[in-house]
$ cat my_file-v9.csv   # CSV, C-alpha atoms
chain,number,residue,atom,x,y,z
A,8,MET,CA,23.1,35.0,-9.4
A,9,PRO,CA,20.1,32.9,-10.2
A,10,LEU,CA,17.6,33.8,-12.8
A,11,HIS,CA,14.5,35.5,-11.6
A,12,LEU,CA,11.7,33.9,-13.6
A,13,SER,CA,8.0,34.5,-13.0
A,14,GLU,CA,5.5,31.7,-13.6
A,15,SER,CA,4.1,33.4,-16.7
A,16,GLU,CA,7.6,33.8,-18.1
A,17,ILE,CA,8.2,30.1,-17.7
A,18,VAL,CA,5.0,29.2,-19.4
A,19,ASP,CA,5.5,31.8,-22.2
A,20,ARG,CA,9.0,30.5,-22.9
A,21,ALA,CA,7.5,27.0,-23.5
A,22,ALA,CA,6.7,28.4,-26.9
A,23,LEU,CA,10.4,27.6,-27.7
A,24,LEU,CA,9.5,23.9,-27.3
A,25,PRO,CA,7.6,22.0,-30.1
A,26,ALA,CA,3.8,22.0,-29.7
A,27,PHE,CA,2.8,19.6,-27.0
A,28,PRO,CA,1.0,16.7,-28.6
A,29,SER,CA,-2.7,17.2,-27.9
A,30,VAL,CA,-3.4,13.5,-28.6
A,31,VAL,CA,-1.9,12.7,-25.1
A,32,ASN,CA,-4.7,14.7,-23.4
A,33,ASP,CA,-7.3,13.2,-25.8
A,34,ILE,CA,-6.2,9.6,-25.0
A,35,LEU,CA,-6.3,10.3,-21.2
A,36,GLN,CA,-9.8,11.7,-21.6
A,37,THR,CA,-11.0,8.6,-23.4
A,38,LEU,CA,-9.8,6.6,-20.3
A,39,ASP,CA,-12.0,8.6,-18.1
A,40,ASP,CA,-15.0,8.5,-20.5
A,41,ASP,CA,-17.1,5.4,-20.1
A,42,ASN,CA,-18.8,6.2,-23.4
A,43,ALA,CA,-15.6,6.5,-25.4
A,44,THR,CA,-15.7,4.2,-28.4
A,45,LEU,CA,-13.2,2.2,-30.5
A,46,GLY,CA,-14.1,4.6,-33.3
A,47,ALA,CA,-13.0,7.6,-31.1
A,48,LEU,CA,-9.6,6.1,-30.5
A,49,ILE,CA,-9.2,5.3,-34.2
A,50,HIS,CA,-10.1,8.8,-35.1
A,51,LEU,CA,-7.4,10.1,-32.7
A,52,VAL,CA,-4.8,7.8,-34.2
A,53,GLU,CA,-5.6,8.8,-37.8
A,54,ARG,CA,-5.1,12.5,-37.1
A,55,ASP,CA,-1.4,12.0,-37.0
A,56,PRO,CA,0.3,10.3,-40.0
A,57,VAL,CA,3.5,9.4,-38.0
A,58,ILE,CA,1.4,7.6,-35.3
A,59,THR,CA,-0.8,6.0,-38.0
A,60,ALA,CA,2.2,4.6,-39.7
A,61,ARG,CA,3.7,3.2,-36.5
A,62,VAL,CA,0.4,1.5,-35.4
A,63,LEU,CA,0.0,-0.1,-38.9
A,64,SER,CA,3.7,-1.2,-38.8
A,65,ILE,CA,3.1,-3.0,-35.4
A,66,ALA,CA,-0.1,-4.5,-36.7
A,67,ASN,CA,1.7,-5.8,-39.8
A,68,ALA,CA,4.5,-7.3,-37.7
A,69,ALA,CA,1.9,-9.2,-35.6
A,70,ALA,CA,0.1,-10.3,-38.8
A,71,MET,CA,3.4,-11.6,-40.3
A,72,ALA,CA,4.2,-13.4,-37.0
A,73,GLY,CA,0.8,-15.1,-37.3
A,74,ARG,CA,1.4,-15.9,-41.0
A,75,THR,CA,-1.9,-14.3,-41.9
A,76,GLN,CA,-0.2,-13.0,-45.0
A,77,ARG,CA,-2.2,-9.9,-45.1
A,78,ASP,CA,-1.1,-6.3,-45.6
A,79,VAL,CA,-2.8,-4.4,-42.8
A,80,ARG,CA,-3.8,-0.9,-44.1
A,81,ASP,CA,-7.1,-0.4,-42.3
A,82,MET,CA,-6.9,1.1,-38.8
A,83,GLN,CA,-9.9,-0.9,-37.5
A,84,VAL,CA,-8.2,-4.2,-38.5
A,85,ALA,CA,-4.9,-2.9,-37.0
A,86,VAL,CA,-6.6,-2.0,-33.7
A,87,SER,CA,-8.3,-5.4,-33.5
A,88,LEU,CA,-4.9,-7.1,-34.1
A,89,ILE,CA,-3.0,-5.1,-31.6
A,90,GLY,CA,-5.6,-4.5,-28.9
A,91,LEU,CA,-6.9,-1.2,-27.4
A,92,SER,CA,-4.5,-1.0,-24.5
A,93,LYS,CA,-1.4,-1.6,-26.8
A,94,VAL,CA,-2.7,1.0,-29.3
A,95,ARG,CA,-3.1,3.5,-26.5
A,96,GLU,CA,0.4,2.7,-25.1
A,97,THR,CA,1.9,3.1,-28.6
A,98,VAL,CA,0.2,6.4,-29.4
A,99,LEU,CA,1.2,7.9,-26.0
A,100,GLY,CA,4.8,6.6,-26.4
A,101,VAL,CA,5.3,7.6,-30.1
A,102,SER,CA,3.8,11.0,-29.7
A,103,LEU,CA,6.0,11.9,-26.7
A,104,ALA,CA,9.1,10.3,-28.4
A,105,ASN,CA,8.5,12.7,-31.3
A,106,PHE,CA,8.0,15.6,-28.9
A,107,SER,CA,11.3,14.8,-27.1
A,108,SER,CA,13.1,14.3,-30.4
A,109,GLU,CA,11.9,17.6,-31.8
A,110,SER,CA,13.0,19.3,-28.6
A,111,ARG,CA,16.5,18.0,-29.5
A,112,MET,CA,17.0,16.2,-26.2
A,113,GLY,CA,19.8,13.6,-26.0
A,114,ARG,CA,19.2,9.9,-26.3
A,115,HIS,CA,19.9,9.4,-22.5
A,116,PHE,CA,17.2,11.8,-21.6
A,117,TRP,CA,14.6,9.8,-23.6
A,118,GLU,CA,15.9,6.4,-22.5
A,119,HIS,CA,15.6,7.5,-18.8
A,120,SER,CA,12.1,8.8,-19.5
A,121,VAL,CA,11.1,5.4,-21.0
A,122,ALA,CA,12.7,3.5,-18.2
A,123,VAL,CA,10.8,5.5,-15.6
A,124,GLY,CA,7.6,5.2,-17.6
A,125,VAL,CA,7.9,1.4,-17.8
A,126,ALA,CA,8.8,1.1,-14.1
A,127,ALA,CA,5.8,3.3,-13.2
A,128,GLN,CA,3.6,1.1,-15.3
A,129,GLU,CA,4.7,-2.0,-13.6
A,130,LEU,CA,4.3,-0.4,-10.2
A,131,ALA,CA,0.8,0.9,-11.3
A,132,ARG,CA,-0.1,-2.8,-11.9
A,133,LEU,CA,0.9,-3.6,-8.3
A,134,GLY,CA,-1.1,-0.7,-7.0
A,135,ARG,CA,-4.1,-1.4,-9.4
A,136,ILE,CA,-4.2,2.0,-11.0
A,137,SER,CA,-4.1,3.1,-14.7
A,138,THR,CA,-1.0,2.0,-16.5
A,139,ASP,CA,-1.6,4.6,-19.2
A,140,TYR,CA,-1.5,7.4,-16.7
A,141,ALA,CA,1.6,5.9,-15.1
A,142,LEU,CA,3.3,5.7,-18.5
A,143,VAL,CA,2.6,9.4,-19.3
A,144,CYS,CA,3.8,10.5,-15.8
A,145,GLY,CA,7.1,8.6,-16.3
A,146,LEU,CA,7.6,9.9,-19.9
A,147,LEU,CA,7.0,13.5,-18.7
A,148,HIS,CA,8.4,13.5,-15.2
A,149,ASP,CA,11.6,15.4,-16.2
A,150,ILE,CA,9.8,17.7,-18.7
A,151,GLY,CA,11.1,20.7,-16.6
A,152,GLN,CA,14.7,19.7,-17.4
A,153,LEU,CA,13.8,19.6,-21.1
A,154,TRP,CA,12.5,23.2,-20.7
A,155,MET,CA,15.7,24.3,-18.9
A,156,ALA,CA,17.9,22.7,-21.6
A,157,ARG,CA,16.0,24.3,-24.5
A,158,CYS,CA,15.2,27.8,-23.0
A,159,TYR,CA,18.4,28.4,-21.0
A,160,PRO,CA,21.1,26.1,-22.3
A,161,LEU,CA,24.0,28.0,-20.7
A,162,GLU,CA,22.4,27.9,-17.2
A,163,PHE,CA,21.5,24.2,-17.8
A,164,GLN,CA,25.2,23.4,-18.5
A,165,MET,CA,26.1,25.3,-15.4
A,166,VAL,CA,23.8,23.0,-13.3
A,167,ARG,CA,25.6,20.0,-14.9
A,168,LEU,CA,29.0,21.5,-14.1
A,169,SER,CA,28.0,22.2,-10.5
A,170,LEU,CA,26.9,18.6,-10.1
A,171,SER,CA,30.1,17.3,-11.5
A,172,LEU,CA,32.2,19.6,-9.3
A,173,GLU,CA,30.2,18.9,-6.2
A,174,PRO,CA,29.1,15.3,-6.2
A,175,THR,CA,27.2,15.7,-2.9
A,176,LEU,CA,25.1,18.6,-4.3
A,177,ASP,CA,21.4,17.8,-4.7
A,178,ILE,CA,20.1,18.3,-8.3
A,179,LEU,CA,17.2,20.4,-7.1
A,180,GLU,CA,19.5,22.7,-5.1
A,181,ALA,CA,21.8,23.0,-8.1
A,182,GLU,CA,18.9,24.0,-10.3
A,183,ARG,CA,17.6,26.6,-7.7
A,184,LYS,CA,21.1,28.0,-7.5
A,185,HIS,CA,21.2,28.8,-11.2
A,186,PHE,CA,17.5,29.1,-12.2
A,187,GLY,CA,15.9,30.2,-8.9
A,188,ILE,CA,13.5,27.3,-9.4
A,189,ASP,CA,13.8,23.5,-9.9
A,190,HIS,CA,12.7,21.2,-12.7
A,191,CYS,CA,9.8,19.7,-10.6
A,192,ALA,CA,8.3,23.2,-10.2
A,193,ILE,CA,8.8,24.0,-13.8
A,194,GLY,CA,7.3,20.7,-14.8
A,195,ARG,CA,4.2,21.5,-12.7
A,196,LEU,CA,3.8,24.8,-14.5
A,197,LEU,CA,4.1,23.3,-18.0
A,198,ALA,CA,1.8,20.3,-17.3
A,199,THR,CA,-0.8,22.7,-15.9
A,200,ALA,CA,-0.5,25.0,-18.9
A,201,TRP,CA,-0.9,21.9,-21.2
A,202,ARG,CA,-4.1,21.1,-19.3
A,203,LEU,CA,-2.8,17.6,-18.3
A,204,PRO,CA,-4.9,15.9,-15.5
A,205,THR,CA,-4.2,17.2,-12.0
A,206,SER,CA,-3.0,13.7,-10.9
A,207,VAL,CA,-0.4,13.8,-13.7
A,208,VAL,CA,0.6,17.4,-12.6
A,209,ALA,CA,1.0,16.2,-9.0
A,210,ALA,CA,3.2,13.2,-10.1
A,211,ILE,CA,5.5,15.5,-12.1
A,212,GLN,CA,5.7,18.0,-9.2
A,213,HIS,CA,6.4,15.6,-6.4
A,214,HIS,CA,8.5,12.8,-8.1
A,215,HIS,CA,11.7,13.9,-6.1
A,216,ASP,CA,9.9,14.5,-2.8
A,217,ALA,CA,11.2,12.5,0.2
A,218,HIS,CA,7.6,12.5,1.5
A,219,PRO,CA,5.3,12.7,-1.5
A,220,PRO,CA,1.5,13.1,-1.1
A,221,ALA,CA,-0.4,9.9,-0.5
A,222,ASP,CA,-1.5,9.2,-4.0
A,223,LYS,CA,-0.8,6.0,-5.9
A,224,LEU,CA,0.1,7.7,-9.2
A,225,VAL,CA,2.6,10.0,-7.4
A,226,ALA,CA,3.9,7.0,-5.6
A,227,ALA,CA,4.4,5.0,-8.8
A,228,THR,CA,6.2,7.9,-10.5
A,229,HIS,CA,8.4,8.5,-7.4
A,230,VAL,CA,9.3,4.8,-6.9
A,231,GLY,CA,9.6,4.3,-10.7
A,232,GLU,CA,12.3,6.9,-11.0
A,233,VAL,CA,14.2,5.5,-8.0
A,234,LEU,CA,14.0,2.0,-9.5
A,235,ALA,CA,15.1,3.2,-13.0
A,236,ASN,CA,18.2,4.7,-11.3
A,237,ALA,CA,18.9,1.8,-9.0
A,238,LEU,CA,18.7,-0.6,-11.9
A,239,ASP,CA,21.0,1.7,-13.9
A,240,LEU,CA,18.6,1.4,-16.9
A,241,SER,CA,19.8,4.4,-18.9
A,242,ARG,CA,23.5,3.7,-17.9
A,243,GLN,CA,24.2,7.4,-17.1
A,244,ASP,CA,27.2,8.1,-14.9
A,245,GLU,CA,25.2,10.6,-12.8
A,246,ALA,CA,22.4,8.1,-11.9
A,247,ARG,CA,21.8,8.3,-8.2
A,248,VAL,CA,19.3,7.1,-5.6
A,249,VAL,CA,18.8,9.7,-2.9
A,250,ASN,CA,15.4,9.3,-1.3
A,251,LEU,CA,12.9,6.5,-1.3
A,252,SER,CA,9.6,7.2,0.4
A,253,GLU,CA,8.6,4.3,2.7
A,254,SER,CA,4.9,5.5,2.6
A,255,ALA,CA,5.0,5.5,-1.3
A,256,CYS,CA,6.3,1.9,-1.2
A,257,ASP,CA,3.6,0.9,1.3
A,258,LEU,CA,0.9,2.5,-0.8
A,259,LEU,CA,1.9,0.4,-3.8
A,260,GLY,CA,2.3,-2.8,-1.6
A,261,ILE,CA,6.0,-3.2,-2.2
A,262,ASP,CA,7.9,-5.4,0.3
A,263,TRP,CA,11.6,-5.2,-0.4
A,264,ASN,CA,12.1,-8.5,1.3
A,265,ASP,CA,10.1,-10.3,-1.4
A,266,ASP,CA,11.8,-11.9,-4.3
A,267,LEU,CA,11.7,-9.0,-6.8
A,268,ASN,CA,13.9,-10.5,-9.5
A,269,TYR,CA,11.0,-11.1,-11.9
A,270,LEU,CA,9.7,-7.5,-11.4
A,271,PHE,CA,13.1,-6.0,-12.0
A,272,GLY,CA,13.8,-8.3,-15.0
A,273,LYS,CA,10.4,-7.4,-16.5
A,274,ILE,CA,11.1,-3.7,-16.1
A,275,GLU,CA,14.6,-3.9,-17.6
A,276,ALA,CA,13.5,-6.0,-20.6
A,277,ARG,CA,10.3,-4.0,-21.3
A,278,ALA,CA,12.2,-0.7,-21.1
A,279,ARG,CA,14.6,-1.9,-23.8
A,280,TYR,CA,11.8,-3.2,-25.9
A,281,LEU,CA,9.6,-0.1,-25.7
A,282,ALA,CA,12.5,2.3,-26.3
A,283,ARG,CA,12.7,0.6,-29.7
A,284,ILE,CA,9.0,0.6,-30.4
A,285,PHE,CA,8.5,4.3,-29.4
A,286,SER,CA,11.5,5.7,-31.2
B,27,MET,CA,27.3,-26.5,-15.5
B,28,ARG,CA,25.5,-23.9,-13.5
B,29,GLN,CA,22.8,-21.8,-15.0
B,30,HIS,CA,21.8,-18.2,-14.8
B,31,LEU,CA,18.7,-16.2,-15.7
B,32,ARG,CA,18.4,-13.4,-18.2
B,33,TYR,CA,15.4,-11.3,-19.0
B,34,LEU,CA,15.4,-10.4,-22.7
B,35,PRO,CA,13.3,-8.2,-24.9
B,36,LEU,CA,11.4,-10.4,-27.4
B,37,PRO,CA,13.5,-9.5,-30.5
B,38,GLU,CA,16.6,-10.9,-28.6
B,39,VAL,CA,14.9,-14.3,-27.9
B,40,VAL,CA,15.6,-17.0,-30.4
B,41,GLU,CA,14.6,-20.6,-31.2
B,42,GLY,CA,16.2,-23.1,-28.9
B,43,MET,CA,16.4,-20.9,-25.8
B,44,VAL,CA,15.0,-22.4,-22.6
B,45,LEU,CA,12.4,-20.5,-20.5
B,46,GLY,CA,13.7,-19.8,-17.0
B,47,ALA,CA,10.3,-18.8,-15.7
B,48,PRO,CA,6.8,-19.6,-16.9
B,49,LEU,CA,5.6,-17.3,-19.7
B,50,ALA,CA,2.0,-16.1,-19.5
B,51,ILE,CA,0.4,-13.6,-21.8
B,52,ALA,CA,-2.9,-12.0,-20.9
B,53,GLU,CA,-5.4,-10.0,-23.0
B,54,HIS,CA,-8.2,-8.1,-21.3
B,55,GLY,CA,-7.1,-9.5,-18.0
B,56,VAL,CA,-7.4,-13.1,-19.2
B,57,THR,CA,-4.4,-15.3,-19.6
B,58,ASN,CA,-4.6,-16.9,-23.1
B,59,PHE,CA,-1.1,-18.2,-23.7
B,60,THR,CA,1.2,-20.0,-21.3
B,61,LEU,CA,4.5,-22.0,-21.5
B,62,PRO,CA,6.2,-23.6,-18.5
B,63,ALA,CA,9.6,-23.0,-17.1
B,64,GLY,CA,12.1,-25.3,-18.8
B,65,HIS,CA,10.3,-25.2,-22.1
B,66,VAL,CA,12.6,-25.1,-25.2
B,67,LEU,CA,11.3,-22.3,-27.4
B,68,THR,CA,10.4,-23.2,-31.0
B,69,ASP,CA,10.0,-21.0,-34.1
B,70,SER,CA,6.2,-21.6,-33.8
B,71,ASN,CA,6.3,-20.5,-30.1
B,72,LEU,CA,8.1,-17.3,-31.0
B,73,ARG,CA,5.5,-16.5,-33.7
B,74,GLN,CA,2.6,-17.2,-31.3
B,75,ILE,CA,4.3,-14.9,-28.6
B,76,ALA,CA,4.8,-12.1,-31.2
B,77,LEU,CA,1.2,-12.5,-32.5
B,78,ARG,CA,0.0,-12.0,-28.9
B,79,HIS,CA,2.3,-9.0,-28.4
B,80,GLY,CA,4.6,-10.6,-25.8
B,81,GLU,CA,7.4,-8.2,-25.0
B,82,PHE,CA,10.0,-10.2,-23.1
B,83,ALA,CA,10.9,-13.6,-21.7
B,84,CYS,CA,13.0,-15.0,-18.8
B,85,ILE,CA,15.7,-17.3,-20.3
B,86,ALA,CA,17.8,-19.9,-18.4
B,87,GLU,CA,21.3,-20.2,-19.9
B,88,ASP,CA,24.4,-22.2,-19.1
B,89,ASP,CA,26.8,-20.0,-17.1
B,90,PRO,CA,30.3,-20.8,-18.3
B,91,ARG,CA,31.9,-18.4,-15.8
B,92,SER,CA,34.3,-19.8,-13.1
B,93,ASP,CA,33.5,-19.0,-9.5
B,94,GLU,CA,36.2,-16.4,-9.5
B,95,ALA,CA,34.8,-14.7,-12.7
B,96,ARG,CA,31.3,-14.8,-11.2
B,97,GLU,CA,32.5,-13.2,-8.0
B,98,ALA,CA,34.5,-10.5,-9.9
B,99,GLU,CA,31.4,-9.6,-11.8
B,100,ARG,CA,29.3,-9.5,-8.6
B,101,ALA,CA,31.9,-7.2,-7.1
B,102,HIS,CA,31.8,-5.0,-10.2
B,103,HIS,CA,28.0,-4.7,-9.9
B,104,GLN,CA,28.3,-3.9,-6.2
B,105,SER,CA,30.8,-1.2,-6.8
B,106,ARG,CA,28.5,0.5,-9.3
B,107,LEU,CA,25.6,0.1,-6.9
B,108,ASP,CA,27.6,1.7,-4.2
B,109,THR,CA,28.2,4.7,-6.5
B,110,ILE,CA,24.5,4.9,-7.4
B,111,PHE,CA,23.5,4.8,-3.7
B,112,SER,CA,26.4,7.0,-2.5
B,113,ARG,CA,24.1,9.9,-1.5
B,114,ALA,CA,21.4,7.6,0.0
B,115,ASP,CA,21.0,6.8,3.7
B,116,ARG,CA,21.4,3.0,3.7
B,117,SER,CA,20.3,2.8,7.4
B,118,LYS,CA,16.8,3.5,6.2
B,119,PRO,CA,14.8,0.2,5.8
B,120,ALA,CA,13.4,1.0,2.3
B,121,ILE,CA,16.8,2.1,0.9
B,122,ALA,CA,18.6,-0.9,2.5
B,123,GLY,CA,15.9,-3.2,1.1
B,124,LEU,CA,16.1,-1.8,-2.4
B,125,TYR,CA,19.9,-2.0,-2.4
B,126,ALA,CA,19.8,-5.7,-1.3
B,127,ALA,CA,17.1,-6.5,-3.8
B,128,VAL,CA,19.0,-4.9,-6.7
B,129,LEU,CA,22.2,-6.6,-5.7
B,130,ALA,CA,20.4,-10.0,-5.6
B,131,TYR,CA,19.0,-9.4,-9.1
B,132,ARG,CA,22.4,-8.4,-10.4
B,133,SER,CA,23.9,-11.6,-8.9
B,134,LEU,CA,21.5,-14.0,-10.8

$ encode --input "my_file-v9.csv" --output "structure tokens"
Amino acid sequence: MPLHLSESEIVDRAALLPAFPSVVNDILQTLDDDNATLGALIHLVERDPVITARVLSIANAAAMAGRTQRDVRDMQVAVSLIGLSKVRETVLGVSLANFSSESRMGRHFWEHSVAVGVAAQELARLGRISTDYALVCGLLHDIGQLWMARCYPLEFQMVRLSLSLEPTLDILEAERKHFGIDHCAIGRLLATAWRLPTSVVAAIQHHHDAHPPADKLVAATHVGEVLANALDLSRQDEARVVNLSESACDLLGIDWNDDLNYLFGKIEARARYLARIFS
Amino acid sequence: MRQHLRYLPLPEVVEGMVLGAPLAIAEHGVTNFTLPAGHVLTDSNLRQIALRHGEFACIAEDDPRSDEAREAERAHHQSRLDTIFSRADRSKPAIAGLYAAVLAYRSL
């Protein structure tokens, strides 16, 4: 018998998760705000001591590489050394890494999330859309699974067991069998409750769709997850490619007959690099 | 000896390695640091790349494997790929294209 969960129960149960890092919303808002200043970004970074320490650490590593021999302690200097886009990427990655870690998810879950985030970023570059939005979508695309594991661990294990006993079973079907709802739908509810932008909500909701809506961010997240699995980036036995939307590939301008070795190599190397930086 | 390409995160790139593809780093959409394919990386290059927040490099390396060993490794990759694609319809052009592209990448 599947669970019978109302939408409000699902959102209420999210209280069992750590508080969602508000800095993610704040950073995404600065991207949409033409008047957002460098000072505003520094203010956001300095609100969180863990993120502040990580940004300063990266700035000091860059300063050491350049033999500038200075100990960077000032955030304005750090941001000027690292660059705005790298600071934004670091803040988003570190804050969501902390969120995943405090939710007690396994290493594979986070590695897969980073891999999808990086793949979505590179596809976003092809499609000429925001790489920060794409990173957030990739890092959060399976947030519904994190909720399942934390709120109903027994049912979550039963889904895993069903998948191992029936290799042809679709993961969304297995989840509906035990939860009455799948992780994409739960992800939509959580992302909406956390007031994430509607485009991010749509990417989380539709990342498994065989025919996702014609939106480049949804397409980058959908194809990003397929690529992360095809390239076996998190080396999980259960990695599978099931659907790949032709229209999503067309929307991003991907031609599978092109030489894609450099794109794949970049995704694989950056995923390993950023998994270290964020964690 | 034959060579093969590897894409490495920057912390794994060391002095003396040879670039297998041009390295270009851009800031604010403007390329401000480039090195050509075939360039032998120096300690100074690595510091410059780190200072500019480079994250990875494509490296060309001698490939000491015999033809048999290379083919065995390719077969291993293909077997894993067959498992990953076991539930996909490979008659669909996008799926077939992705499968072929990943196999080509794993055969570098």

$ interface_residues --input "my_file-v9.csv" --of "chain A" --to "chain B" --cutoff "9 Å" --atoms "only C-alpha atoms" --output "PyMOL selection string"
chain A and resi 68-74+88-90+92-93+174-175+177+234+236-239+244-253+256+262-269+271-273+275-281

$ atom_distance --input "my_file-v9.csv" --atom1 "CA of Cys158 in chain A" --atom2 "CA of Ser15 in chain A"
13.9 Å

$ closest_atom_pairs --input "my_file-v9.csv" --of "range 136-192 of chain A" --to "range 204-227 of chain A" --cutoff "8 Å" --atoms "only C-alpha atoms" --output "CSV"
residue,atom,partner,partner_atom,distance
A:Ile136,CA,A:Lys223,CA,7.3
A:Tyr140,CA,A:Val207,CA,7.2
A:Ala141,CA,A:Leu224,CA,6.3
A:Val143,CA,A:Val207,CA,7.7
A:Cys144,CA,A:Val207,CA,5.7
A:Leu147,CA,A:Ile211,CA,7.1
A:His148,CA,A:Ile211,CA,4.7
A:Asp149,CA,A:Ile211,CA,7.4
A:Cys191,CA,A:Gln212,CA,4.7
A:Ala192,CA,A:Gln212,CA,5.9

$ atom_distance --input "my_file-v9.csv" --atom1 "CA of Glu99 in chain B" --atom2 "CA of Glu87 in chain B"
16.7 Å

$ closest_residue --input "my_file-v9.csv" --among "A:His50, A:Arg242, A:Arg20, A:His190" --to "Arg157 in chain A" --atoms "only C-alpha atoms"
A:Arg20

$ residues_around --input "my_file-v9.csv" --residues "Pro90 in chain B" --least-positions-apart "4" --cutoff "10 Å" --atoms "only C-alpha atoms" --output "PyMOL selection string"
chain B and resi 27-30+95-96

$ atom_distance --input "my_file-v9.csv" --atom1 "CA of Pro48 in chain B" --atom2 "CA of Thr60 in chain B"
7.1 Å

$ closest_residue --input "my_file-v9.csv" --among "A:Gly100, A:Gly260, A:Gly151, A:Pro160" --to "Val62 in chain A" --atoms "only C-alpha atoms"
A:Gly100

$ closest_residue --input "my_file-v9.csv" --among "A:Met155, A:Ser171, A:Leu146, A:Val121" --to "Arg183 in chain A" --atoms "only C-alpha atoms"
A:Met155

$ axis_aligned_box --input "my_file-v9.csv" --around "range 35-40 of chain B" --padding-each-side "5 Å" --output "JSON"
{"center_x": 14.0, "center_y": -12.6, "center_z": -27.7, "size_x": 15.2, "size_y": 18.8, "size_z": 15.6}

$ closest_residue --input "my_file-v9.csv" --among "A:Leu270, A:Leu197, A:Ala122, A:Leu91" --to "Ala26 in chain A" --atoms "only C-alpha atoms"
A:Leu197

$ residues_near_point --input "my_file-v9.csv" --point "(10.8, -22.0, -18.3)" --cutoff "6 Å" --atoms "only C-alpha atoms" --output "compact mmCIF listing (two decimals) with C-alpha atoms, in the coordinates of the input"
# COMPACT_ATOMS: atom_id res chain seq x y z
CA LEU B 45 12.40 -20.50 -20.50
CA GLY B 46 13.70 -19.80 -17.00
CA ALA B 47 10.30 -18.80 -15.70
CA PRO B 48 6.80 -19.60 -16.90
CA PRO B 62 6.20 -23.60 -18.50
CA ALA B 63 9.60 -23.00 -17.10
CA GLY B 64 12.10 -25.30 -18.80
CA HIS B 65 10.30 -25.20 -22.10

$ closest_residue --input "my_file-v9.csv" --among "A:Val79, A:Val84, A:Ala235, A:Val31" --to "Leu51 in chain A" --atoms "all atoms listed in the file"
A:Val31

$ build_atoms --input "my_file-v9.csv" --residues "range 61-74 of chain B" --atoms "N, CA and C atoms" --output "short mmCIF file (atom, residue, chain, number, x, y, z; two decimals), in the coordinates of the input"
data_model
loop_
_atom_site.label_atom_id
_atom_site.label_comp_id
_atom_site.auth_asym_id
_atom_site.auth_seq_id
_atom_site.Cartn_x
_atom_site.Cartn_y
_atom_site.Cartn_z
N LEU B 61 3.43 -20.95 -21.31
CA LEU B 61 4.50 -22.00 -21.50
C LEU B 61 5.18 -22.15 -20.18
N PRO B 62 5.56 -23.38 -19.83
CA PRO B 62 6.20 -23.60 -18.50
C PRO B 62 7.66 -23.30 -18.48
N ALA B 63 8.19 -23.10 -17.29
CA ALA B 63 9.60 -23.00 -17.10
C ALA B 63 10.29 -24.26 -17.60
N GLY B 64 11.43 -24.15 -18.27
CA GLY B 64 12.10 -25.30 -18.80
C GLY B 64 11.75 -25.65 -20.23
N HIS B 65 10.72 -24.97 -20.76
CA HIS B 65 10.30 -25.20 -22.10
C HIS B 65 11.34 -24.71 -23.13
N VAL B 66 11.66 -25.53 -24.13
CA VAL B 66 12.60 -25.10 -25.20
C VAL B 66 11.77 -24.40 -26.27
N LEU B 67 12.09 -23.14 -26.52
CA LEU B 67 11.30 -22.30 -27.40
C LEU B 67 11.49 -22.77 -28.89
N THR B 68 10.37 -22.90 -29.62
CA THR B 68 10.40 -23.20 -31.00
C THR B 68 10.09 -22.01 -31.86
N ASP B 69 10.31 -22.10 -33.17
CA ASP B 69 10.00 -21.00 -34.10
C ASP B 69 8.46 -20.71 -33.97
N SER B 70 7.68 -21.77 -33.89
CA SER B 70 6.20 -21.60 -33.80
C SER B 70 5.85 -20.88 -32.49
N ASN B 71 6.52 -21.24 -31.38
CA ASN B 71 6.30 -20.50 -30.10
C ASN B 71 6.52 -19.04 -30.25
N LEU B 72 7.67 -18.72 -30.88
CA LEU B 72 8.10 -17.30 -31.00
C LEU B 72 7.04 -16.53 -31.83
N ARG B 73 6.51 -17.17 -32.87
CA ARG B 73 5.50 -16.50 -33.70
C ARG B 73 4.21 -16.28 -32.89
N GLN B 74 3.85 -17.30 -32.09
CA GLN B 74 2.60 -17.20 -31.30
C GLN B 74 2.81 -16.05 -30.23
#
